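> Below is the file work39.cif, with mmCIF, C-alpha atoms.
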data_model
loop_
_atom_site.label_atom_id
_atom_site.label_comp_id
_atom_site.auth_asym_id
_atom_site.auth_seq_id
_atom_site.Cartn_x
_atom_site.Cartn_y
_atom_site.Cartn_z
CA MET A 148 169.49 -5.95 -23.37
CA SER A 149 167.30 -2.90 -22.94
CA VAL A 150 170.16 -0.55 -23.76
CA LYS A 151 170.38 -1.71 -27.36
CA ILE A 152 166.63 -1.62 -27.84
CA ASP A 153 166.45 1.88 -26.42
CA ASP A 154 169.21 3.02 -28.76
CA ASP A 155 167.23 1.82 -31.75
CA LEU A 156 164.05 3.28 -30.35
CA TRP A 157 165.65 6.67 -29.99
CA SER A 158 167.15 6.78 -33.44
CA ALA A 159 163.85 5.54 -34.89
CA ILE A 160 161.93 8.38 -33.29
CA GLY A 161 164.74 10.86 -33.88
CA ASP A 162 164.08 11.22 -37.58
CA PRO A 163 161.69 14.08 -38.41
CA THR A 164 160.01 12.22 -41.30
CA ARG A 165 159.36 9.24 -39.08
CA ARG A 166 157.95 11.49 -36.37
CA ARG A 167 155.59 13.01 -38.92
CA MET A 168 154.58 9.53 -40.02
CA LEU A 169 153.80 8.61 -36.42
CA ASP A 170 151.72 11.77 -36.08
CA LEU A 171 149.76 10.86 -39.20
CA LEU A 172 149.24 7.28 -38.07
CA LEU A 173 148.07 8.49 -34.67
CA SER A 174 145.52 10.87 -36.13
CA ASP A 175 144.35 8.56 -38.93
CA GLY A 176 144.40 5.36 -36.91
CA THR A 177 145.99 3.30 -39.69
CA GLY A 178 147.95 3.95 -42.84
CA THR A 179 149.85 2.32 -45.69
CA ALA A 180 153.07 3.33 -47.41
CA THR A 181 150.91 4.71 -50.21
CA SER A 182 148.52 6.69 -47.99
CA LEU A 183 151.38 8.14 -45.96
CA SER A 184 153.50 9.15 -48.93
CA ALA A 185 150.48 10.99 -50.34
CA GLN A 186 150.61 13.26 -47.29
CA LEU A 187 154.39 13.67 -47.12
CA PRO A 188 157.01 15.19 -49.41
CA VAL A 189 158.77 11.82 -49.79
CA THR A 190 158.35 8.87 -52.13
CA ARG A 191 156.35 5.76 -51.33
CA GLN A 192 159.61 3.84 -51.39
CA ALA A 193 161.19 6.10 -48.78
CA VAL A 194 158.09 5.83 -46.58
CA ALA A 195 158.23 2.05 -46.86
CA LYS A 196 161.83 2.10 -45.63
CA HIS A 197 160.89 4.33 -42.69
CA LEU A 198 158.02 1.98 -41.85
CA THR A 199 160.48 -0.91 -41.74
CA VAL A 200 162.60 0.99 -39.21
CA LEU A 201 159.57 1.84 -37.07
CA ASP A 202 158.33 -1.74 -37.31
CA ARG A 203 161.68 -3.13 -36.23
CA VAL A 204 161.65 -1.19 -32.94
CA GLY A 205 158.00 -1.96 -32.35
CA LEU A 206 156.67 1.58 -32.74
CA VAL A 207 154.25 0.40 -35.44
CA LYS A 208 152.49 -2.90 -36.00
CA ALA A 209 151.63 -4.21 -39.47
CA THR A 210 148.63 -6.24 -40.55
CA SER A 211 148.42 -7.68 -44.05
CA ALA A 212 144.81 -7.03 -44.91
CA GLY A 213 144.33 -6.42 -48.63
CA ARG A 214 147.08 -5.87 -51.13
CA GLU A 215 149.13 -3.46 -49.00
CA LYS A 216 150.28 -3.70 -45.38
CA GLN A 217 148.28 -1.62 -42.94
CA PHE A 218 150.26 0.02 -40.16
CA ARG A 219 149.15 1.36 -36.80
CA VAL A 220 151.07 2.87 -33.90
CA ASP A 221 151.94 0.71 -30.91
CA LYS A 222 150.99 3.12 -28.16
CA VAL A 223 152.79 1.27 -25.37
CA GLN A 224 156.08 1.44 -27.20
CA LEU A 225 155.51 5.08 -28.14
CA ALA A 226 154.76 5.91 -24.51
CA ARG A 227 158.05 4.29 -23.57
CA ALA A 228 159.96 6.45 -26.03
CA ILE A 229 158.24 9.60 -24.80
CA ALA A 230 158.94 8.67 -21.19
CA GLN A 231 162.63 8.55 -21.98
CA LEU A 232 162.46 11.99 -23.51
CA ALA A 233 160.58 13.31 -20.50
CA ASN A 234 163.48 12.25 -18.30
CA VAL A 235 165.44 15.25 -19.51
CA GLY A 236 162.71 17.52 -18.16
CA ALA A 237 162.45 15.53 -14.94
CA ALA A 238 166.18 15.95 -14.36
CA TRP A 239 165.80 19.73 -14.54
CA ASP A 240 162.81 19.61 -12.19
CA LEU A 241 165.00 17.92 -9.62
CA ARG A 242 167.83 20.40 -10.08
CA LEU A 243 165.47 23.36 -9.76
CA GLN A 244 164.04 21.96 -6.54
CA ARG A 245 167.57 21.82 -5.17
CA ILE A 246 168.32 25.37 -6.33
CA LYS A 247 165.17 26.56 -4.57
CA ARG A 248 166.06 24.77 -1.36
CA ILE A 249 169.64 26.03 -1.28
CA ALA A 250 168.71 29.64 -2.15
CA GLU A 251 165.93 29.75 0.44
CA THR A 252 168.20 28.31 3.09
CA ILE A 253 170.84 30.95 2.36
CA GLN A 254 168.18 33.66 2.36
CA ARG A 255 166.94 32.61 5.78
CA GLN A 256 170.48 32.66 7.14
CA THR A 257 171.39 36.03 5.66
CA ALA A 258 170.91 39.01 7.92
CA PRO A 259 168.45 41.36 6.23
CA THR A 260 170.08 44.40 4.66
CA GLY A 261 168.65 47.76 3.60
CA ASN A 262 165.45 46.42 2.09
CA GLY A 263 164.63 43.96 4.83
CA LYS A 264 161.07 45.09 5.28
CA LYS A 265 159.84 41.58 5.89
CA ALA A 266 162.61 40.65 8.29
CA LYS A 267 161.37 38.78 11.30
CA THR A 268 162.84 39.35 14.73
CA LYS A 269 163.91 36.20 16.51
CA MET B 50 156.17 15.99 -31.77
CA GLU B 51 158.62 18.70 -30.89
CA TYR B 52 161.12 18.10 -28.13
CA GLY B 53 163.58 20.84 -28.88
CA THR B 54 163.05 22.91 -25.76
CA ILE B 55 162.52 22.32 -22.09
CA GLU B 56 160.96 25.21 -20.20
CA ARG B 57 160.48 25.46 -16.50
CA GLU B 58 159.47 28.16 -14.07
CA ILE B 59 159.84 28.14 -10.32
CA TYR B 60 159.26 30.70 -7.57
CA ILE B 61 162.03 30.97 -5.00
CA ASP B 62 161.66 32.73 -1.69
CA ALA B 63 165.05 34.43 -1.91
CA THR B 64 166.32 37.60 -3.57
CA PRO B 65 167.64 37.53 -7.17
CA GLU B 66 171.11 38.23 -5.71
CA VAL B 67 171.04 35.02 -3.67
CA VAL B 68 169.50 32.95 -6.47
CA PHE B 69 172.03 34.25 -9.00
CA ASP B 70 174.85 33.20 -6.72
CA VAL B 71 173.35 29.73 -6.26
CA VAL B 72 172.87 29.12 -10.00
CA SER B 73 176.18 30.58 -11.20
CA ASN B 74 178.80 30.19 -8.48
CA PRO B 75 180.66 26.88 -8.97
CA VAL B 76 180.77 26.41 -5.21
CA HIS B 77 176.96 26.31 -5.12
CA VAL B 78 176.48 24.64 -8.51
CA ARG B 79 178.33 21.62 -7.12
CA GLN B 80 175.57 21.27 -4.54
CA TRP B 81 172.68 21.04 -6.96
CA TRP B 82 174.16 19.36 -10.02
CA PRO B 83 177.65 18.02 -10.74
CA ASP B 84 180.20 16.75 -8.27
CA GLU B 85 182.89 18.96 -9.73
CA ALA B 86 182.45 22.40 -11.28
CA ASP B 87 185.38 24.19 -12.77
CA PHE B 88 184.36 27.24 -14.78
CA SER B 89 184.61 31.02 -14.76
CA LEU B 90 181.85 33.52 -15.50
CA VAL B 91 183.84 34.89 -18.45
CA PRO B 92 181.75 34.25 -21.57
CA GLY B 93 183.36 31.81 -23.99
CA GLU B 94 186.01 30.57 -21.61
CA ALA B 95 186.37 26.79 -21.52
CA GLY B 96 185.23 25.12 -18.33
CA ARG B 97 183.96 21.73 -17.26
CA ILE B 98 181.69 19.95 -14.85
CA GLY B 99 182.34 16.44 -13.58
CA PHE B 100 180.16 13.58 -12.43
CA THR B 101 181.54 10.87 -10.20
CA GLN B 102 180.81 7.44 -11.62
CA ARG B 103 180.00 4.27 -9.75
CA ASP B 104 183.63 3.17 -10.07
CA SER B 105 184.79 6.52 -8.57
CA SER B 106 186.15 7.83 -11.87
CA ILE B 107 184.96 11.26 -12.99
CA LEU B 108 183.02 11.81 -16.18
CA TRP B 109 183.76 15.33 -17.43
CA GLU B 110 181.42 17.40 -19.56
CA GLN B 111 182.50 20.63 -21.21
CA PHE B 112 180.81 23.74 -19.87
CA THR B 113 181.05 27.30 -21.20
CA VAL B 114 179.31 30.39 -19.90
CA VAL B 115 177.51 32.32 -22.64
CA GLU B 116 176.17 35.22 -20.63
CA ALA B 117 176.39 36.23 -16.99
CA ILE B 118 174.44 39.37 -16.16
CA ALA B 119 174.49 39.76 -12.41
CA ASN B 120 171.18 38.96 -10.71
CA ARG B 121 169.32 38.78 -14.01
CA ARG B 122 170.54 36.18 -16.44
CA PHE B 123 172.92 33.25 -16.52
CA SER B 124 173.28 31.11 -19.63
CA PHE B 125 175.72 28.41 -20.57
CA ARG B 126 176.39 25.68 -23.10
CA TRP B 127 177.36 22.17 -22.08
CA THR B 128 178.21 18.72 -23.48
CA HIS B 129 180.21 19.97 -26.48
CA PRO B 130 183.17 17.71 -27.26
CA ASP B 131 186.42 18.38 -25.41
CA GLY B 132 188.67 20.72 -27.37
CA THR B 133 185.87 22.32 -29.40
CA SER B 134 184.17 25.67 -28.90
CA ALA B 135 180.58 25.54 -27.78
CA ALA B 136 178.18 26.16 -30.68
CA ALA B 137 174.52 25.63 -31.55
CA ASP B 138 175.13 22.28 -33.21
CA ASN B 139 177.33 20.64 -30.60
CA SER B 140 175.90 21.52 -27.21
CA TYR B 141 172.86 22.31 -25.12
CA LEU B 142 172.07 25.91 -24.34
CA VAL B 143 170.69 26.48 -20.87
CA THR B 144 169.31 29.91 -20.01
CA ILE B 145 168.29 30.90 -16.51
CA GLU B 146 166.45 34.19 -16.16
CA LEU B 147 165.64 35.82 -12.84
CA LYS B 148 162.91 38.32 -12.16
CA PRO B 149 162.12 39.87 -8.79
CA GLU B 150 158.63 38.94 -7.66
CA GLY B 151 157.33 40.11 -4.31
CA ASP B 152 160.08 39.37 -1.82
CA GLY B 153 161.40 36.53 -3.91
CA THR B 154 162.48 35.58 -7.40
CA LEU B 155 160.81 33.99 -10.37
CA LEU B 156 163.32 31.70 -12.05
CA ARG B 157 162.71 30.73 -15.66
CA LEU B 158 164.82 28.02 -17.21
CA THR B 159 165.05 26.85 -20.80
CA GLU B 160 167.25 24.17 -22.28
CA ARG B 161 167.51 23.98 -26.04
CA GLY B 162 169.33 21.70 -28.37
CA PHE B 163 167.60 18.48 -29.35
CA ARG B 164 166.60 19.34 -32.87
CA GLU B 165 169.85 21.05 -33.70
CA ARG B 166 171.95 18.20 -32.43
CA GLY B 167 170.19 15.07 -33.53
CA TRP B 168 168.60 12.43 -31.42
CA ASP B 169 171.53 10.19 -30.63
CA THR B 170 173.36 12.86 -28.71
CA ALA B 171 170.20 13.96 -26.96
CA LYS B 172 169.62 10.41 -25.87
CA VAL B 173 173.08 10.03 -24.40
CA ALA B 174 172.81 13.27 -22.45
CA SER B 175 169.34 12.36 -21.26
CA GLU B 176 170.37 8.97 -19.99
CA ARG B 177 173.36 10.47 -18.31
CA ALA B 178 171.35 13.26 -16.74
CA SER B 179 168.54 11.08 -15.45
CA HIS B 180 170.96 8.48 -14.22
CA LEU B 181 173.28 10.84 -12.43
CA THR B 182 170.80 13.11 -10.74
CA GLY B 183 168.55 10.64 -8.99
CA TRP B 184 167.11 11.61 -5.63
CA ASP B 185 168.83 8.68 -3.98
CA PHE B 186 172.15 10.24 -4.82
CA PHE B 187 171.41 13.87 -4.03
CA LEU B 188 168.95 13.82 -1.17
CA PRO B 189 171.46 12.70 1.44
CA ARG B 190 173.69 15.63 0.51
CA LEU B 191 171.20 18.40 1.12
CA PRO B 192 170.83 18.43 4.91
CA PRO B 193 174.59 18.57 5.57
CA TYR B 194 174.92 21.39 3.08
CA ALA B 195 172.14 23.43 4.67
CA ALA B 196 173.80 22.88 8.02
CA ARG B 197 177.13 24.14 6.70
CA ILE B 198 175.58 27.34 5.49
CA ARG B 199 173.91 27.85 8.83
CA ALA B 200 177.24 27.47 10.63
CA HIS B 201 178.65 30.53 8.88
#
How does the structure come out when it is put into structure tokens?

Amino acid sequence: MSVKIDDDLWSAIGDPTRRRMLDLLLSDGTGTATSLSAQLPVTRQAVAKHLTVLDRVGLVKATSAGREKQFRVDKVQLARAIAQLANVGAAWDLRLQRIKRIAETIQRQTAPTGNGKKAKTK
Amino acid sequence: MEYGTIEREIYIDATPEVVFDVVSNPVHVRQWWPDEADFSLVPGEAGRIGFTQRDSSILWEQFTVVEAIANRRFSFRWTHPDGTSAAADNSYLVTIELKPEGDGTLLRLTERGFRERGWDTAKVASERASHLTGWDFFLPRLPPYAARIRAH
């Protein structure tokens, strides 16, 4: 179940216009298709479509106060998306820790050569 | 929100010569990342790295060295589709730079590619990477490996 949701979540956040919309909603608190399109180089219609995509994956929540829907970011869902992205960095952290361990082990086992000024006698 | 680059820096208490060997020699690379590593240090030559799956099959990823300057820099592209040449729009570029610092080495790593490739591909690679490199899988392998080196 979660696989499909995550797929949609990723493609929702993968679009640069939608990421800019999320940025705007985060800094402004709330926004409408009209208010967002005023700050972006895309039409109100296009923004409305993007909002539908974001709404579908739960990244934004809509409230119908007034004549136009008000949107705000769902921070829990956004945090989830960011956590998935951070996994790429975490994977490299793990690999680098292994590289460090292996290299230092080899270094300790290697007899010091010419520049072994710090070599310890056993 | 910009996720195009991952940058990491780590100090290693070993000479650049040793670190370069660990990051670029397939024999060592197999110990810190994939289960199989089959590549040469000749820039542009097609190679591959393989990850053993739960059902014992091997998932291969394409791997091509971009630059190998002894003891200083090692960079490669990976995850481009089989049968294609590695390029900016179809693979991740990983660059590992080594600088002597004191008696050890400062290793600086960058991985680039998200924005150029699009999110769907990034997602797949991310899931794969995080799934395949968990501590539970790799930790048990480290002590035996250290022991093997010691035995030499």
> Could you state the separation of atom CA of B:Tyr141 and atom CA of B:Ala95 in Å, given to one decimal place?
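Rounded to one decimal, the two atoms are 14.7 Å apart.
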> In Å, rounded to a single decimal, give me how far atom CA of B:Phe88 is from atom CA of B:Ser140.
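Separating atom CA of B:Ser140 from atom CA of B:Phe88 is a distance of 16.1 Å.
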> For B:Ala136, work out the shell of residues within 10 Å, counting only C-alpha atoms and skipping chain neighbours fewer than 5 positions away, then give it as a PyMOL selection string.
chain B and resi 113+126-127+129+141-142
> Hey, can you spit out that residue selection with C-alpha atoms as a CSV table (one decimal), in the frame of the given file?

chain,number,residue,atom,x,y,z
B,113,THR,CA,181.0,27.3,-21.2
B,126,ARG,CA,176.4,25.7,-23.1
B,127,TRP,CA,177.4,22.2,-22.1
B,129,HIS,CA,180.2,20.0,-26.5
B,141,TYR,CA,172.9,22.3,-25.1
B,142,LEU,CA,172.1,25.9,-24.3
> Which residues of stretch 81-160 of chain B come within 8 Å of stretch 67-74 of chain B, and for each one, what is the closest pair of atoms and their distance in Å to one decimal, counting all atoms listed in the file, sorted by chain and residue number, as a Markdown table?

| residue | atom | partner | partner_atom | distance |
| --- | --- | --- | --- | --- |
| B:Leu90 | CA | B:Ser73 | CA | 7.7 |
| B:Ala119 | CA | B:Phe69 | CA | 6.9 |
| B:Asn120 | CA | B:Phe69 | CA | 5.1 |
| B:Arg121 | CA | B:Phe69 | CA | 7.3 |
| B:Arg122 | CA | B:Phe69 | CA | 7.8 |
| B:Phe123 | CA | B:Ser73 | CA | 6.8 |
| B:Leu147 | CA | B:Phe69 | CA | 7.6 |
| B:Thr154 | CA | B:Val68 | CA | 7.6 |
> In Å, with one decimal, what is the gap from atom CA of B:Ile98 to atom CA of B:Glu58?
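Result for atom CA of B:Ile98 versus atom CA of B:Glu58: 23.7 Å, one decimal.
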> List the residues matched by the PyMOL selection byres ((chain A and resi 199) around 12) in the displayed structure as a PDB file with C-alpha atoms, keeping the file's coordinate frame, ordered by chain and then by residue number.

ATOM      1  CA  ALA A 159     163.850   5.540 -34.890  1.00  0.00           C
ATOM      2  CA  ARG A 165     159.360   9.240 -39.080  1.00  0.00           C
ATOM      3  CA  THR A 179     149.850   2.320 -45.690  1.00  0.00           C
ATOM      4  CA  ALA A 180     153.070   3.330 -47.410  1.00  0.00           C
ATOM      5  CA  GLN A 192     159.610   3.840 -51.390  1.00  0.00           C
ATOM      6  CA  ALA A 193     161.190   6.100 -48.780  1.00  0.00           C
ATOM      7  CA  VAL A 194     158.090   5.830 -46.580  1.00  0.00           C
ATOM      8  CA  ALA A 195     158.230   2.050 -46.860  1.00  0.00           C
ATOM      9  CA  LYS A 196     161.830   2.100 -45.630  1.00  0.00           C
ATOM     10  CA  HIS A 197     160.890   4.330 -42.690  1.00  0.00           C
ATOM     11  CA  LEU A 198     158.020   1.980 -41.850  1.00  0.00           C
ATOM     12  CA  VAL A 200     162.600   0.990 -39.210  1.00  0.00           C
ATOM     13  CA  LEU A 201     159.570   1.840 -37.070  1.00  0.00           C
ATOM     14  CA  ASP A 202     158.330  -1.740 -37.310  1.00  0.00           C
ATOM     15  CA  ARG A 203     161.680  -3.130 -36.230  1.00  0.00           C
ATOM     16  CA  VAL A 204     161.650  -1.190 -32.940  1.00  0.00           C
ATOM     17  CA  GLY A 205     158.000  -1.960 -32.350  1.00  0.00           C
ATOM     18  CA  LEU A 206     156.670   1.580 -32.740  1.00  0.00           C
ATOM     19  CA  VAL A 207     154.250   0.400 -35.440  1.00  0.00           C
ATOM     20  CA  LYS A 208     152.490  -2.900 -36.000  1.00  0.00           C
ATOM     21  CA  ALA A 209     151.630  -4.210 -39.470  1.00  0.00           C
ATOM     22  CA  LYS A 216     150.280  -3.700 -45.380  1.00  0.00           C
ATOM     23  CA  PHE A 218     150.260   0.020 -40.160  1.00  0.00           C
TER      24      PHE A 218
END
> Select, counting all atoms listed in the file, all protein, DNA and RNA residues no farther than 7 Å from (161.0, 33.1, -13.0) in file coordinates, and express the selection as a PyMOL selection string.
chain B and resi 58-60+146-148+154-157
> Store the residues of this selection in a file with C-alpha atoms, as an mmCIF file, keeping the file's coordinate frame.

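Listing of selection-v2.cif after writing:
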data_model
loop_
_atom_site.group_PDB
_atom_site.id
_atom_site.type_symbol
_atom_site.label_atom_id
_atom_site.label_comp_id
_atom_site.auth_asym_id
_atom_site.auth_seq_id
_atom_site.Cartn_x
_atom_site.Cartn_y
_atom_site.Cartn_z
ATOM 1 C CA GLU B 58 159.470 28.160 -14.070
ATOM 2 C CA ILE B 59 159.840 28.140 -10.320
ATOM 3 C CA TYR B 60 159.260 30.700 -7.570
ATOM 4 C CA GLU B 146 166.450 34.190 -16.160
ATOM 5 C CA LEU B 147 165.640 35.820 -12.840
ATOM 6 C CA LYS B 148 162.910 38.320 -12.160
ATOM 7 C CA THR B 154 162.480 35.580 -7.400
ATOM 8 C CA LEU B 155 160.810 33.990 -10.370
ATOM 9 C CA LEU B 156 163.320 31.700 -12.050
ATOM 10 C CA ARG B 157 162.710 30.730 -15.660
#
> Which residues, named as in the file, does the PyMOL selection byres ((chain B and resi 55) around 6) pick out? Answer as a PyMOL selection string.
chain B and resi 54+56+159-160
> Give me the residues near B:Glu116 as a count of residues only, where near means some atom within 7 Å (using all atoms listed in the file) and where sequence neighbours in that chain fewer than 2 positions away do not count.
6
> List as a PDB file with C-alpha atoms, in the frame of the given file the protein and nucleic acid residues near B:Leu158, meaning an atom at most 6 Å away when all atoms listed in the file are counted, but skip any in the same chain fewer than 3 places from it.

ATOM      1  CA  GLU B  56     160.960  25.210 -20.200  1.00  0.00           C
ATOM      2  CA  ARG B  57     160.480  25.460 -16.500  1.00  0.00           C
ATOM      3  CA  THR B 144     169.310  29.910 -20.010  1.00  0.00           C
ATOM      4  CA  ILE B 145     168.290  30.900 -16.510  1.00  0.00           C
TER       5      ILE B 145
END
> Which of these residues is nearest to chain A, using all atoms listed in the file: B:Gly99, B:Pro149, B:Val76, B:Trp81?
B:Trp81
> Excluding B:Asp84 and any residue of its chain fewer than 4 positions from it, enumerate the residues within 9 Å of it, using only C-alpha atoms, and give them as a count of residues only.
8
> Between A:Thr181, A:Thr190, A:Asp162, A:Arg245, single out the one closest to A:Glu215, counting only C-alpha atoms.
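Among the listed residues, A:Thr181 lies closest to A:Glu215.
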> Nearest residue to chain A out of B:Gly153, B:Gly132, B:Pro75, B:Gly96, using only C-alpha atoms?
B:Gly153
> Which residue gives the smallest distance to chain B among A:Gln224, A:Thr252, A:Gln186, A:Ser211, with all atoms listed in the file counted?
A:Thr252
> Give the answer as one residue: which of A:Arg191, A:Thr164, A:Asp221, A:Ala212 has the shortest atom-to-atom distance to chain B, using only C-alpha atoms?
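Nearest to chain B: A:Thr164.
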> Of the candidates A:Thr210, A:Leu172, A:Trp239, A:Pro163, which shows the shortest atom-to-atom distance to B:Val143, using all atoms listed in the file?
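Selected residue with least distance to B:Val143: A:Trp239.
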> Can you sort out stretch 163-175 of chain A so it carries N, CA and C atoms, written as a tab-separated table (two decimals), keeping the file's coordinate frame?

chain	number	residue	atom	x	y	z
A	163	PRO	N	162.89	13.23	-38.30
A	163	PRO	CA	161.69	14.08	-38.41
A	163	PRO	C	160.61	13.48	-39.31
A	164	THR	N	161.02	12.84	-40.41
A	164	THR	CA	160.01	12.22	-41.30
A	164	THR	C	159.26	11.12	-40.56
A	165	ARG	N	160.01	10.33	-39.81
A	165	ARG	CA	159.36	9.24	-39.08
A	165	ARG	C	158.45	9.78	-37.99
A	166	ARG	N	158.84	10.91	-37.39
A	166	ARG	CA	157.95	11.49	-36.37
A	166	ARG	C	156.66	11.98	-37.02
A	167	ARG	N	156.80	12.55	-38.24
A	167	ARG	CA	155.59	13.01	-38.92
A	167	ARG	C	154.70	11.82	-39.31
A	168	MET	N	155.35	10.74	-39.69
A	168	MET	CA	154.58	9.53	-40.02
A	168	MET	C	153.82	9.02	-38.80
A	169	LEU	N	154.47	9.05	-37.66
A	169	LEU	CA	153.80	8.61	-36.42
A	169	LEU	C	152.61	9.52	-36.11
A	170	ASP	N	152.82	10.83	-36.30
A	170	ASP	CA	151.72	11.77	-36.08
A	170	ASP	C	150.53	11.43	-36.98
A	171	LEU	N	150.83	11.18	-38.25
A	171	LEU	CA	149.76	10.86	-39.20
A	171	LEU	C	149.05	9.56	-38.82
A	172	LEU	N	149.85	8.56	-38.45
A	172	LEU	CA	149.24	7.28	-38.07
A	172	LEU	C	148.39	7.42	-36.81
A	173	LEU	N	148.84	8.28	-35.90
A	173	LEU	CA	148.07	8.49	-34.67
A	173	LEU	C	146.74	9.17	-34.97
A	174	SER	N	146.77	10.15	-35.87
A	174	SER	CA	145.52	10.87	-36.13
A	174	SER	C	144.60	10.09	-37.07
A	175	ASP	N	145.19	9.32	-38.00
A	175	ASP	CA	144.35	8.56	-38.93
A	175	ASP	C	143.97	7.17	-38.42
